[in-house]
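Engineer: Encoded as structure tokens, here's the structure I'll be asking about.
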Amino acid sequence: MSGKRRIVGLHAAQSALEHTPDKLATAWLDAGRMDARLSRIKQELEAAGVSIHLANRKELDRLSEGRNHQGVIVEVEMARELGESDLRDALDALAGPAFFLVLDHVQDPHNLGACLRTADAAGVHGVIITKDQSAGITPTVAKVASGAAETVPLFKVTNLARGLGWLKEAGIWIVGAAGEADKTVYQTDLNMPLALVLGAEEKGMRRLTREHCDFLVKIPMLGQVESLNVSVATGILLFEAVRQRSTINLK
């Protein structure tokens, strides 16, 4: 999927400048406001070769569709979704222990956006989703991801079971999240080439996906609720893997 979207606000504009300056297309700035922070962003936009338009607040309100723009709106090229051949190339090009996140039929765009943001923070090599019955890169996903939609490779596969087979051929262990697993994630060694698999909201992993996992883990639930939101579970699992795999002293 390609196209353009508008991001609004000082923080969002600064993040785009830092992480994806090559994706910036056009910017609108408040002609009546040019404090130090906005002036600095204007200078950085100019240095990046972005076309800048000075506009009044009424025009900015219209362009931002009522969102709090803080005097700046930036139009960016939306991230490109990658396909199966891109995934095979990425597996061939891996230079260190693999670290992937696999989402089986996650359809809620807010959940996908949050998972991408967490995946970026955890340093994964890519997120793998199904081509059908999954959210893709949409303006909502990109907004929730806060820049991660442009930094984390998102691979769409037609057949997830086949895609998991490719990961296994590359020496990657497939670890699925399931409430009925015998061991918790904290009792499990994740210090290996790894792909963590989480299922859809409410339904979990599909049967065939589960069968392709090398082993299952669960998050211990000590209260009354039976499960966590998929994006919350993703954060817990990814960062337990980061903790185990890290060679630095995490504080």
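Residue numbers start at 1 in each chain; chains themselves are named A, B, ... in the order of the structure tokens; ligands are numbered from 1 in the order shown.
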Any idea what's packed within 8 Å of range 105-121 of chain A, counting only C-alpha atoms, ignoring anything in its chain fewer than 3 positions away? Could you give it as a PyMOL selection string?
Structural biologist: chain A and resi 101+124+126-127+129-130+132-136+138+140-149+151-152+199-201+230-231+234-235+238
Engineer: Per residue of range 123-155 of chain A within 7 Å of range 69-91 of chain A, note the shortest atom pair and the distance in Å to one decimal, counting only C-alpha atoms, and order the rows by chain and increasing residue number, as CSV.
Structural biologist:
residue,atom,partner,partner_atom,distance
A:Ala149,CA,A:Ala79,CA,6.2
A:Glu150,CA,A:Ala79,CA,5.1
A:Leu154,CA,A:Glu81,CA,5.7
A:Phe155,CA,A:Leu82,CA,4.6
Engineer: Can you pull out every residue from range 151-183 of chain A that DSSP, working from the backbone, puts in helix (DSSP H, G or I), and format the result as a CSV table (one decimal) with C-alpha atoms, in the first residue's frame?
Structural biologist:
chain,number,residue,atom,x,y,z
A,151,THR,CA,10.9,2.0,10.5
A,160,LEU,CA,1.2,-18.1,7.2
A,161,ALA,CA,2.0,-21.7,7.8
A,162,ARG,CA,4.3,-21.7,4.7
A,163,GLY,CA,5.9,-18.5,6.0
A,164,LEU,CA,6.6,-20.1,9.3
A,165,GLY,CA,8.2,-23.0,7.4
A,166,TRP,CA,10.6,-20.5,5.8
A,167,LEU,CA,11.5,-19.2,9.2
A,168,LYS,CA,12.2,-22.7,10.4
A,169,GLU,CA,14.4,-23.4,7.4
Engineer: Mind the document's chain letters and residue numbers, and return as a PyMOL selection string the residues of range 65-184 of chain A that DSSP labels strand (DSSP E or B).
Structural biologist: chain A and resi 72-77+82+99-104+126-130+154-157+173-177+184
Engineer: Tell me which protein, DNA and RNA residues are within 7 Å of His125 in chain A, counting only C-alpha atoms, leaving out same-chain ones fewer than 3 positions away, and put them as a PyMOL selection string.
Structural biologist: chain A and resi 98-100
Engineer: Under the rule that only C-alpha atoms are counted, which of A:Glu59, A:Glu65, A:Asp104, A:Asp182 is the nearest residue to Leu196 in chain A?
Structural biologist: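 Closest to Leu196 in chain A, using only C-alpha atoms: A:Asp104.
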Engineer: Within 12 Å of Glu46 in chain A, counting only C-alpha atoms, which residues qualify if same-chain residues fewer than 2 places away don't, as a VMD selection string?
Structural biologist: chain A and resid 17 21 24 to 29 39 to 44 48 to 53
Engineer: Here is a test: counting only C-alpha atoms, which residue of A:Thr158, A:Arg245, A:Leu237, A:Leu10 is nearest to Asp35 in chain A?
Structural biologist: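 Checking each of A:Thr158, A:Arg245, A:Leu237, A:Leu10 against Asp35 in chain A, counting only C-alpha atoms, the winner is A:Leu10.
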Engineer: Dump as a tab-separated table the rows for residues of range 138-199 of chain A within 7 Å of range 204-217 of chain A: closest atom pair and distance in Å with one decimal, only C-alpha atoms counted, ordered by chain and rising residue number.
Structural biologist:
residue	atom	partner	partner_atom	distance
A:Ala161	CA	A:Thr209	CA	5.9
A:Leu164	CA	A:His212	CA	6.9
A:Trp173	CA	A:Asp214	CA	6.4
A:Ile174	CA	A:Cys213	CA	4.8
A:Val175	CA	A:Phe215	CA	5.4
A:Gly176	CA	A:Leu216	CA	4.7
A:Ala177	CA	A:Val217	CA	5.1
A:Ala178	CA	A:Val217	CA	6.0
A:Ala181	CA	A:Val217	CA	5.2
A:Lys183	CA	A:Val217	CA	5.5
A:Thr184	CA	A:Val217	CA	5.2
A:Val185	CA	A:Val217	CA	5.2
A:Leu198	CA	A:Met205	CA	6.3
A:Gly199	CA	A:Met205	CA	3.9
Engineer: Do you know which residues are at most 10 Å from Asp189 in chain A counting only C-alpha atoms, after dropping those on the same chain fewer than 3 positions away, and could you put them as a ChimeraX atom specification?
Structural biologist: /A:185-186,192,240-241,244-245
Engineer: Which residue out of A:Leu103, A:Ile236, A:Leu45, A:Ala93 has the minimum interatomic distance to Lys131 in chain A when only C-alpha atoms are used?
Structural biologist: A:Leu103
Engineer: Rounded to one decimal in Å, what is the spacing between CA of Leu60 in chain A and CA of Ala31 in chain A?
Structural biologist: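 That distance, rounded to one decimal, is 10.0 Å.
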Engineer: To one decimal place, how far is CA of Gly9 in chain A from CA of Leu38 in chain A in Å?
Structural biologist: 10.1 Å
